[in-house]
Every structure is written in structure tokens, then in C-alpha cells.
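Trainee: Sharing structure-v5.json, JSON, C-alpha atoms:
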```json
[["chain", "number", "residue", "atom", "x", "y", "z"],
["N", 1, "PRO", "CA", 4.22, -56.21, 41.46],
["N", 2, "PRO", "CA", 1.98, -57.05, 38.46],
["N", 3, "CYS", "CA", -0.93, -55.09, 39.94],
["N", 4, "CYS", "CA", 1.15, -51.92, 40.20],
["N", 5, "ALA", "CA", 2.53, -52.31, 36.68],
["N", 6, "THR", "CA", -1.02, -52.63, 35.37],
["N", 7, "ALA", "CA", -2.11, -49.49, 37.22],
["N", 8, "ALA", "CA", 0.87, -47.55, 35.91],
["N", 9, "ALA", "CA", 0.13, -48.62, 32.34],
["N", 10, "ALA", "CA", -3.50, -47.56, 32.73],
["N", 11, "ALA", "CA", -2.37, -44.16, 33.98],
["N", 12, "VAL", "CA", -0.10, -43.65, 30.96],
["N", 13, "LEU", "CA", -2.89, -44.64, 28.56],
["N", 14, "ALA", "CA", -5.27, -42.20, 30.25],
["N", 15, "LEU", "CA", -2.81, -39.34, 29.88],
["N", 16, "LEU", "CA", -2.19, -40.14, 26.22],
["N", 17, "ALA", "CA", -5.96, -40.10, 25.64],
["N", 18, "GLY", "CA", -6.20, -36.54, 26.96],
["N", 19, "GLY", "CA", -7.39, -37.39, 30.44],
["N", 20, "ARG", "CA", -5.89, -38.19, 33.81],
["N", 21, "PRO", "CA", -5.79, -41.37, 35.89],
["N", 22, "VAL", "CA", -8.55, -42.22, 38.32],
["N", 23, "GLU", "CA", -7.67, -41.27, 41.86],
["N", 24, "ALA", "CA", -8.08, -43.76, 44.66],
["N", 25, "GLY", "CA", -11.66, -43.89, 45.87],
["N", 26, "ALA", "CA", -13.00, -42.02, 42.82],
["N", 27, "SER", "CA", -16.34, -43.14, 41.46],
["N", 28, "GLY", "CA", -15.31, -43.05, 37.78],
["N", 29, "PRO", "CA", -12.89, -41.64, 35.23],
["N", 30, "HIS", "CA", -12.29, -37.92, 35.12],
["N", 31, "TYR", "CA", -10.80, -36.35, 31.97],
["N", 32, "ASN", "CA", -9.11, -33.01, 31.43],
["N", 33, "ASN", "CA", -11.26, -30.58, 29.51],
["N", 34, "MET", "CA", -9.67, -30.02, 26.11],
["N", 35, "PRO", "CA", -9.22, -26.58, 24.47],
["N", 36, "CYS", "CA", -11.63, -25.44, 21.78],
["N", 37, "SER", "CA", -8.76, -25.40, 19.28],
["N", 38, "THR", "CA", -9.06, -29.23, 19.13],
["N", 39, "MET", "CA", -12.64, -29.01, 17.88],
["N", 40, "VAL", "CA", -13.92, -28.90, 14.30],
["N", 41, "CYS", "CA", -16.86, -26.50, 14.06],
["N", 42, "PRO", "CA", -19.88, -27.44, 11.92],
["N", 43, "THR", "CA", -20.49, -25.89, 8.51],
["N", 44, "GLY", "CA", -21.23, -22.18, 8.77],
["N", 45, "TYR", "CA", -19.25, -21.72, 11.98],
["N", 46, "THR", "CA", -15.62, -20.99, 12.80],
["N", 47, "LEU", "CA", -13.55, -21.22, 15.99],
["N", 48, "ARG", "CA", -13.62, -18.21, 18.32],
["N", 49, "TRP", "CA", -10.57, -15.95, 18.37],
["N", 50, "ASN", "CA", -9.17, -17.35, 21.65],
["N", 51, "ALA", "CA", -10.02, -21.01, 21.01],
["N", 52, "ALA", "CA", -6.69, -22.19, 22.43],
["N", 53, "GLU", "CA", -7.55, -20.71, 25.83],
["N", 54, "VAL", "CA", -11.22, -21.73, 26.17],
["N", 55, "LEU", "CA", -12.02, -25.26, 27.40],
["N", 56, "CYS", "CA", -14.83, -27.55, 26.38],
["N", 57, "SER", "CA", -17.35, -28.59, 29.02],
["N", 58, "SER", "CA", -16.50, -32.25, 29.68],
["N", 59, "GLY", "CA", -13.34, -33.79, 28.35],
["N", 60, "ALA", "CA", -12.86, -33.95, 24.61],
["N", 61, "CYS", "CA", -14.56, -31.35, 22.40],
["N", 62, "ILE", "CA", -17.44, -32.80, 20.41],
["N", 63, "SER", "CA", -19.98, -31.30, 18.02],
["N", 64, "ALA", "CA", -22.65, -31.01, 20.69],
["N", 65, "ASN", "CA", -24.73, -27.89, 21.18],
["N", 66, "ILE", "CA", -22.98, -26.93, 24.40],
["N", 67, "ASP", "CA", -19.49, -27.11, 22.87],
["N", 68, "ILE", "CA", -20.60, -25.35, 19.70],
["N", 69, "ALA", "CA", -21.92, -22.47, 21.79],
["N", 70, "THR", "CA", -18.68, -22.39, 23.78],
["N", 71, "CYS", "CA", -16.15, -22.75, 20.97],
["N", 72, "CYS", "CA", -17.73, -21.65, 17.68],
["N", 73, "ILE", "CA", -19.07, -18.46, 16.22],
["N", 74, "ARG", "CA", -21.23, -18.03, 13.17],
["N", 75, "GLY", "CA", -19.08, -17.67, 10.05],
["N", 76, "ARG", "CA", -18.82, -14.72, 7.63],
["N", 77, "PHE", "CA", -17.34, -11.29, 8.25],
["N", 78, "TYR", "CA", -13.81, -12.43, 7.38],
["N", 79, "SER", "CA", -11.48, -10.19, 5.42],
["N", 80, "HIS", "CA", -7.92, -8.87, 5.22],
["N", 81, "SER", "CA", -9.31, -5.30, 4.90],
["N", 82, "TRP", "CA", -11.53, -3.50, 7.41],
["N", 83, "ARG", "CA", -12.56, 0.14, 7.63],
["N", 84, "ILE", "CA", -14.63, 2.72, 9.53],
["N", 85, "LEU", "CA", -17.06, 4.66, 7.33],
["N", 86, "ALA", "CA", -18.52, 8.03, 8.33],
["N", 87, "ASP", "CA", -22.25, 7.32, 8.02],
["N", 88, "SER", "CA", -23.33, 10.92, 8.64],
["N", 89, "ASN", "CA", -22.35, 14.38, 7.43],
["N", 90, "VAL", "CA", -19.29, 16.04, 8.96],
["N", 91, "THR", "CA", -19.37, 19.78, 8.36],
["N", 92, "ASP", "CA", -15.67, 20.46, 8.97],
["N", 93, "ASP", "CA", -12.70, 18.07, 8.83],
["N", 94, "TRP", "CA", -13.41, 14.61, 10.25],
["N", 95, "GLU", "CA", -10.77, 14.14, 12.94],
["N", 96, "VAL", "CA", -9.84, 10.64, 14.13],
["N", 97, "VAL", "CA", -7.30, 10.26, 16.91],
["N", 98, "ARG", "CA", -7.11, 6.48, 16.99],
["N", 99, "VAL", "CA", -8.72, 3.33, 15.55],
["N", 100, "ARG", "CA", -8.37, -0.10, 17.14],
["N", 101, "PHE", "CA", -9.78, -3.30, 15.67],
["N", 102, "LEU", "CA", -10.49, -6.13, 18.12],
["N", 103, "LEU", "CA", -11.17, -9.82, 17.49],
["N", 104, "SER", "CA", -13.58, -10.24, 20.39],
["N", 105, "ASP", "CA", -17.27, -9.35, 20.03],
["N", 106, "ASP", "CA", -17.23, -7.86, 23.55],
["N", 107, "CYS", "CA", -14.29, -5.54, 22.78],
["N", 108, "HIS", "CA", -11.94, -7.33, 25.19],
["N", 109, "SER", "CA", -8.64, -5.45, 25.38],
["N", 110, "THR", "CA", -6.54, -8.61, 25.01],
["N", 111, "SER", "CA", -8.00, -9.31, 21.56],
["N", 112, "VAL", "CA", -6.52, -6.31, 19.73],
["N", 113, "ALA", "CA", -5.63, -7.04, 16.11],
["N", 114, "GLU", "CA", -2.15, -5.61, 15.78],
["N", 115, "THR", "CA", -1.82, -2.87, 13.17],
["N", 116, "VAL", "CA", 1.71, -1.91, 12.19],
["N", 117, "PRO", "CA", 1.55, 0.23, 9.06],
["N", 118, "GLY", "CA", 4.65, -0.04, 6.88],
["N", 119, "ALA", "CA", 6.53, 2.89, 5.37],
["N", 120, "HIS", "CA", 9.76, 3.13, 3.41],
["N", 121, "SER", "CA", 11.91, 4.71, 6.09],
["N", 122, "SER", "CA", 14.26, 3.72, 8.87],
["N", 123, "TYR", "CA", 12.23, 1.12, 10.73],
["N", 124, "ASN", "CA", 12.92, -1.55, 13.30],
["N", 125, "GLY", "CA", 10.15, -4.11, 13.33],
["N", 126, "PHE", "CA", 7.70, -5.99, 11.16],
["N", 127, "PRO", "CA", 4.97, -3.99, 9.40],
["N", 128, "ASN", "CA", 1.94, -6.20, 8.76],
["N", 129, "GLY", "CA", -0.05, -4.06, 6.35],
["N", 130, "GLY", "CA", -1.01, -0.52, 5.52],
["N", 131, "ALA", "CA", -3.51, 2.14, 6.54],
["N", 132, "ILE", "CA", -6.12, 3.21, 3.97],
["N", 133, "SER", "CA", -8.43, 6.21, 3.60],
["N", 134, "HIS", "CA", -10.72, 7.82, 1.04],
["N", 135, "ASN", "CA", -8.35, 10.68, 0.26],
["N", 136, "HIS", "CA", -5.33, 8.54, -0.72],
["N", 137, "GLY", "CA", -2.85, 10.79, 1.04],
["N", 138, "HIS", "CA", -4.66, 14.13, 0.72],
["N", 139, "GLY", "CA", -5.35, 15.60, 4.14],
["N", 140, "GLY", "CA", -3.93, 13.64, 7.06],
["N", 141, "VAL", "CA", -1.77, 10.54, 6.78],
["N", 142, "ALA", "CA", -3.98, 7.54, 7.56],
["N", 143, "GLN", "CA", -1.33, 5.58, 9.45],
["N", 144, "ARG", "CA", -1.45, 8.19, 12.25],
["N", 145, "ALA", "CA", -4.63, 6.54, 13.55],
["N", 146, "PHE", "CA", -2.95, 3.14, 13.91],
["N", 147, "VAL", "CA", 0.57, 3.74, 15.22],
["N", 148, "ALA", "CA", 1.57, 3.50, 18.87],
["N", 149, "ASP", "CA", 1.58, 6.59, 21.07],
["N", 150, "PRO", "CA", 4.81, 8.61, 20.84],
["N", 151, "SER", "CA", 7.31, 8.01, 23.63],
["N", 152, "PRO", "CA", 8.46, 10.86, 25.89],
["N", 153, "THR", "CA", 11.96, 12.20, 25.35],
["N", 154, "PRO", "CA", 14.10, 14.68, 27.30],
["N", 155, "ARG", "CA", 13.34, 17.32, 24.68],
["N", 156, "LEU", "CA", 9.64, 16.42, 24.47],
["N", 157, "PRO", "CA", 8.52, 14.97, 27.81],
["N", 158, "ALA", "CA", 4.80, 15.17, 26.92],
["N", 159, "PRO", "CA", 4.49, 14.38, 23.20],
["N", 160, "VAL", "CA", 1.12, 14.89, 21.51],
["N", 161, "ARG", "CA", -0.33, 12.21, 19.26],
["N", 162, "GLU", "CA", -0.85, 13.30, 15.65],
["N", 163, "VAL", "CA", -4.46, 13.29, 14.49],
["N", 164, "TRP", "CA", -5.75, 12.01, 11.15],
["N", 165, "THR", "CA", -8.12, 14.33, 9.31],
["N", 166, "SER", "CA", -10.30, 13.82, 6.28],
["N", 167, "GLY", "CA", -8.90, 16.87, 4.52],
["N", 168, "GLY", "CA", -12.31, 18.54, 4.31],
["N", 169, "PRO", "CA", -16.04, 18.07, 5.00],
["N", 170, "CYS", "CA", -17.60, 14.61, 4.54],
["N", 171, "GLN", "CA", -20.92, 13.75, 3.01],
["N", 172, "GLU", "CA", -22.73, 10.71, 4.42],
["N", 173, "GLY", "CA", -20.93, 7.53, 3.30],
["N", 174, "GLU", "CA", -18.09, 9.40, 1.61],
["N", 175, "CYS", "CA", -15.16, 9.35, 4.06],
["N", 176, "TYR", "CA", -13.47, 6.33, 5.61],
["N", 177, "ILE", "CA", -10.29, 5.15, 7.31],
["N", 178, "GLY", "CA", -9.14, 1.56, 7.74],
["N", 179, "PHE", "CA", -6.38, -1.02, 7.62],
["N", 180, "GLN", "CA", -5.34, -3.77, 5.20],
["N", 181, "TRP", "CA", -3.49, -6.76, 6.64],
["N", 182, "GLU", "CA", -1.86, -7.56, 3.33],
["N", 183, "SER", "CA", 1.81, -8.24, 3.86],
["N", 184, "ASP", "CA", 4.60, -8.97, 6.27],
["N", 185, "VAL", "CA", 7.54, -6.77, 5.30],
["N", 186, "ASP", "CA", 10.89, -6.26, 6.99],
["N", 187, "ARG", "CA", 13.74, -3.87, 6.29],
["N", 188, "PHE", "CA", 17.33, -4.78, 5.59],
["N", 189, "PRO", "CA", 19.02, -6.17, 7.59],
["N", 190, "VAL", "CA", 16.24, -8.26, 9.09],
["N", 191, "GLY", "CA", 14.56, -6.42, 11.94],
["N", 192, "ALA", "CA", 17.36, -3.91, 12.41],
["N", 193, "CYS", "CA", 17.55, -1.17, 9.81],
["N", 194, "LYS", "CA", 20.75, 0.77, 10.53],
["N", 195, "ALA", "CA", 20.52, 3.45, 7.88],
["N", 196, "GLU", "CA", 21.77, 6.90, 8.79],
["N", 197, "PHE", "CA", 19.36, 9.48, 10.13],
["N", 198, "ARG", "CA", 16.59, 10.32, 7.63],
["N", 199, "SER", "CA", 17.84, 7.87, 5.02],
["N", 200, "GLY", "CA", 15.78, 4.95, 3.77],
["N", 201, "CYS", "CA", 16.18, 1.19, 3.98],
["N", 202, "THR", "CA", 15.62, -1.32, 1.22],
["N", 203, "THR", "CA", 12.59, -3.58, 1.46],
["N", 204, "MET", "CA", 13.28, -7.30, 1.56],
["N", 205, "SER", "CA", 11.29, -9.74, -0.56],
["N", 206, "LEU", "CA", 9.23, -11.10, 2.30],
["N", 207, "ILE", "CA", 5.81, -9.94, 1.12],
["N", 208, "LYS", "CA", 3.03, -12.48, 1.54],
["N", 209, "ARG", "CA", -0.74, -12.38, 1.67],
["N", 210, "ALA", "CA", -2.04, -12.09, 5.19],
["N", 211, "GLY", "CA", -4.71, -14.35, 6.57],
["N", 212, "PHE", "CA", -8.31, -13.20, 6.81],
["N", 213, "LEU", "CA", -9.39, -11.71, 10.12],
["N", 214, "ARG", "CA", -12.78, -11.61, 11.79],
["N", 215, "ILE", "CA", -13.10, -8.28, 13.57],
["N", 216, "GLY", "CA", -15.68, -8.41, 16.34],
["N", 217, "CYS", "CA", -15.41, -4.83, 17.57],
["N", 218, "ALA", "CA", -13.85, -1.51, 16.65],
["N", 219, "GLU", "CA", -12.88, 1.37, 18.90],
["N", 220, "VAL", "CA", -12.89, 4.79, 17.25],
["N", 221, "GLU", "CA", -11.60, 7.85, 19.07],
["N", 222, "GLN", "CA", -12.84, 11.00, 17.33],
["N", 223, "SER", "CA", -12.52, 14.70, 18.02],
["N", 224, "ALA", "CA", -14.91, 16.07, 20.66],
["N", 225, "THR", "CA", -15.42, 19.32, 18.73],
["N", 226, "PRO", "CA", -18.83, 19.66, 17.02],
["N", 227, "GLY", "CA", -18.49, 19.48, 13.26],
["N", 228, "ARG", "CA", -15.35, 17.35, 13.52],
["N", 229, "PHE", "CA", -16.83, 13.95, 14.40],
["N", 230, "ALA", "CA", -19.32, 11.62, 12.72],
["N", 231, "GLU", "CA", -22.47, 10.70, 14.62],
["N", 232, "GLY", "CA", -23.01, 7.66, 12.40],
["N", 233, "LEU", "CA", -20.27, 5.04, 11.98],
["N", 234, "ARG", "CA", -20.16, 1.78, 10.03],
["N", 235, "LEU", "CA", -17.75, -1.11, 10.53],
["N", 236, "GLN", "CA", -17.14, -2.61, 7.08],
["N", 237, "PHE", "CA", -15.08, -5.42, 5.55],
["N", 238, "LEU", "CA", -13.92, -6.01, 1.97],
["N", 239, "GLU", "CA", -15.58, -9.09, 0.50],
["N", 240, "PRO", "CA", -14.40, -10.66, -2.78],
["N", 241, "ASP", "CA", -17.15, -10.91, -5.40],
["N", 242, "MET", "CA", -16.47, -12.79, -8.63],
["N", 243, "GLN", "CA", -19.33, -11.03, -10.42],
["N", 244, "VAL", "CA", -18.79, -7.35, -9.64],
["N", 245, "GLY", "CA", -15.36, -7.31, -7.99],
["N", 246, "ASP", "CA", -14.49, -6.63, -4.37],
["N", 247, "VAL", "CA", -17.37, -5.07, -2.39],
["N", 248, "TRP", "CA", -17.40, -3.33, 0.98],
["N", 249, "ARG", "CA", -19.97, -5.00, 3.25],
["N", 250, "THR", "CA", -21.33, -3.65, 6.53],
["N", 251, "ALA", "CA", -20.82, -5.72, 9.67],
["N", 252, "ALA", "CA", -22.06, -3.24, 12.28],
["N", 253, "VAL", "CA", -23.67, 0.21, 12.55],
["N", 254, "LEU", "CA", -23.50, 2.85, 15.29],
["N", 255, "LEU", "CA", -25.98, 5.72, 14.88],
["N", 256, "ASP", "CA", -25.52, 7.80, 18.02],
["N", 257, "ALA", "CA", -21.77, 8.32, 18.29],
["N", 258, "SER", "CA", -20.50, 11.41, 20.03],
["N", 259, "GLY", "CA", -17.11, 13.02, 20.30],
["N", 260, "GLY", "CA", -14.44, 10.94, 21.98],
["N", 261, "LEU", "CA", -14.30, 7.15, 22.20],
["N", 262, "SER", "CA", -17.00, 5.02, 20.54],
["N", 263, "ARG", "CA", -17.27, 1.23, 20.22],
["N", 264, "ILE", "CA", -18.90, -0.55, 17.29],
["N", 265, "ARG", "CA", -19.76, -4.20, 17.95],
["N", 266, "ILE", "CA", -20.35, -6.70, 15.20],
["N", 267, "ASP", "CA", -23.92, -7.82, 14.55],
["N", 268, "THR", "CA", -24.08, -11.34, 13.08],
["N", 269, "ASN", "CA", -27.74, -10.80, 12.16],
["N", 270, "TYR", "CA", -27.08, -7.64, 10.17],
["N", 271, "THR", "CA", -27.94, -8.19, 6.48],
["N", 272, "ALA", "CA", -27.69, -4.74, 4.89],
["N", 273, "PRO", "CA", -25.05, -4.32, 2.12]]
```
Taking this structure as input, can you express it in the form of C-alpha cells?
Mentor:
Amino acid sequence: PPCCATAAAAAVLALLAGGRPVEAGASGPHYNNMPCSTMVCPTGYTLRWNAAEVLCSSGACISANIDIATCCIRGRFYSHSWRILADSNVTDDWEVVRVRFLLSDDCHSTSVAETVPGAHSSYNGFPNGGAISHNHGHGGVAQRAFVADPSPTPRLPAPVREVWTSGGPCQEGECYIGFQWESDVDRFPVGACKAEFRSGCTTMSLIKRAGFLRIGCAEVEQSATPGRFAEGLRLQFLEPDMQVGDVWRTAAVLLDASGGLSRIRIDTNYTAP
């Protein structure tokens, strides 16, 4: 009947508009809440890291205060390079077991920024950058702090994770370890290097500049031995500067770290260099 055809057409139009048809007896239209990824944040703000999973308050996302608070975060603190700086003296070697960078300001475990340091060796996977440190290879190898835990084997059922060390004592603001998301590199053949044991694989020409990341939190697992951990830690990002060149800027400071796991959360109001 014509009435039914009209109702069906209205339902289709409602779905195409991002909503859903009015149910019988309903007092008015009801629309599906749209994800934050459909919103354009105002100047000075950017979408939150999980914008595709967070919904706006009432239907389509608009530039209203409530949706801005839900979907957008204040801009700045974006870079392809982030690091942890020892902001206090370390009398012996600075020992770092693991560093994890997270996209969420509340250190949510699902927001880990994947770090897969590349190396010219037999490798099956996609490195997405490289580990960096102040000693440029002297002392411990920086990538140890970013690789996955070793898997048990019949010969080594309880493998021990290798620790990165600074290679000596650290003065305040001297030692650091971090990661640069600079390239996506694969080995030959793609994703399945089949070189013989201990032989290398050629690198394919798939290098490209990585996108800038906003790190909201960092987890740093240090040694628990006195003299081998830094009580002060800074979360820093590399910021391009046309006048003086690239500059490391501070995004967060932790002044009372102890041995073991520490979390450094970003502070959008922090203004120190």
C-alpha cells in the first residue's frame, strides 16, 4: 500500500542520514550516536587516540562544548621521536628493563604505541622505527628496552629479559633512551626472511616517514637497586624548529620515581622547555 511504501522510504532515508527509523509509538526521532572520528575538532585541538570507538552525546558530532570535551584533546606534543630522560644523578649504571609508550593520558593498556625496532638480521615482521639512546651503542643496546619478552624454549624454559644500561654513571639530564617511529621496513622476501642461521637479509626499499604520534603516558621499568635507577624522569618529544633546528621539549615530569615500574603522564599545561 502507498502508506507502507512511504514509511519504508522514510526508514531508508533515516538510515542513510546516520540515524534509525522512528519506532511505533515513539514521541520523536531517535538517531544513532556517531563516532568521534566523524567530527572536526576546532583549531588547537585534535581527535583523541580512540576516536573511532568513542561516541558523541546525541546523534551527529557537532562542535559543541560537550562533544569537544568528549572527542578532542588540546593539540601539541606530537612527534615521531619520544624519549625518557634521566632527570637526576645515577651513581652507577642506569638500568632500564622496559619502556612502553601509550597514546592514552590515563595509561590504558590498550593504547600501547607499538615499538618494533629494526635490525639488519634474519627477521620476520615489520620494524616501524629504531631505538635511540645517549651512548649511540656504547653500553647496552637500546632496542632491548622495546622488544617483546623472550619466549620459553625446551633448552631455556625460563628466559631472562636483557636489560639496557647507560654504560656508566649519569649526570642530571645527560642520559636518555627512546624510540623514533621513522620508517616501515621489511626484509626480503616480504615478511618472511628465509636466510640461513646467523646470515643477514637484504632490506627492501619500503622506507617511509612515519606519522607523528601523541604520547599520553610512558611506563618505565627500572632496576630496583639503589644507584641504578633515576629518581627524576622526563617524558620528551622532538619538535622541529626552523630557527635552531630540532629541539627536545618536555611533556611531563616525574620527580619521585623509585626502583621498578613508574608511570609518567602527560601534562598539557606544562610549559617548561
Trainee: Select, from N:Pro35, N:Gly168, N:Gly130, N:Gly227, the residue with the minimum atom-to-atom distance to Arg144 in chain N, counting all atoms listed in the file.
Mentor: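 Among the listed residues, N:Gly130 lies closest to Arg144 in chain N.
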Trainee: Please identify all polymer residues within 10 Å of range 215-221 of chain N, counting all atoms listed in the file, omitting same-chain residues fewer than 6 positions from it, and present them as a VMD selection string.
Mentor: chain N and resid 49 77 to 84 95 to 108 111 to 113 145 229 233 to 237 251 to 252 257 to 268
Trainee: Mind checking which residues fall within 8 Å of Val90 in chain N, counting all atoms listed in the file, ignoring those fewer than 3 positions away in the same chain, and posting them as a ChimeraX atom specification?
Mentor: /N:93-94,169-172,227-230
Trainee: Using all atoms listed in the file, can you tell me which of N:Phe179, N:Ile62, N:Cys71, N:Met34 comes closest to Thr46 in chain N?
Mentor: N:Cys71
Trainee: Using all atoms listed in the file for the distances, tell me which of N:Thr115, N:Arg214, N:Asn33, N:Gly167 is nearest to Asn50 in chain N.
Mentor: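 Result for the nearest residue to Asn50 in chain N: N:Arg214.
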Trainee: Kindly give the distance, in Å, that separates CA of Leu213 in chain N and CA of Arg249 in chain N, rounded to a single decimal.
Mentor: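 Pair CA of Leu213 in chain N / CA of Arg249 in chain N returns 14.3 Å.
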Trainee: Which distance in Å separates CA of Gly173 in chain N and CA of Ser88 in chain N, to one decimal?
Mentor: 6.8 Å
Trainee: Show which residues sit within 12 Å of Thr38 in chain N, as a list in words. Count all atoms listed in the file, and ignore same-chain residues fewer than 3 positions away.
Mentor: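 Selected residues are Gly18, Asn33, Met34, Pro35, Cys41, Leu47, Arg48, Ala51, Ala52, Glu53, Val54, Leu55, Cys56, Gly59, Ala60, Cys61, Ile62, Ser63, Asp67, Cys71 and Cys72 of chain N.
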Trainee: Please compute the CA of Ala131 in chain N-CA of Pro152 in chain N distance, one decimal, in Å.
Mentor: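 Computed distance, CA of Ala131 in chain N to CA of Pro152 in chain N, equals 24.4 Å.
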Trainee: Find the residues near Asp149 in chain N: any atom within 9 Å, counting all atoms listed in the file, skip ones fewer than 4 places away on the same chain, and give them as a VMD selection string.
Mentor: chain N and resid 159 to 162
Trainee: Between N:Thr91, N:Ser37, N:Thr43, N:Asn32, which has the minimum distance to Thr70 in chain N (counting all atoms listed in the file)?
Mentor: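 Looking at the shortest contact to Thr70 in chain N, the residue is N:Ser37.
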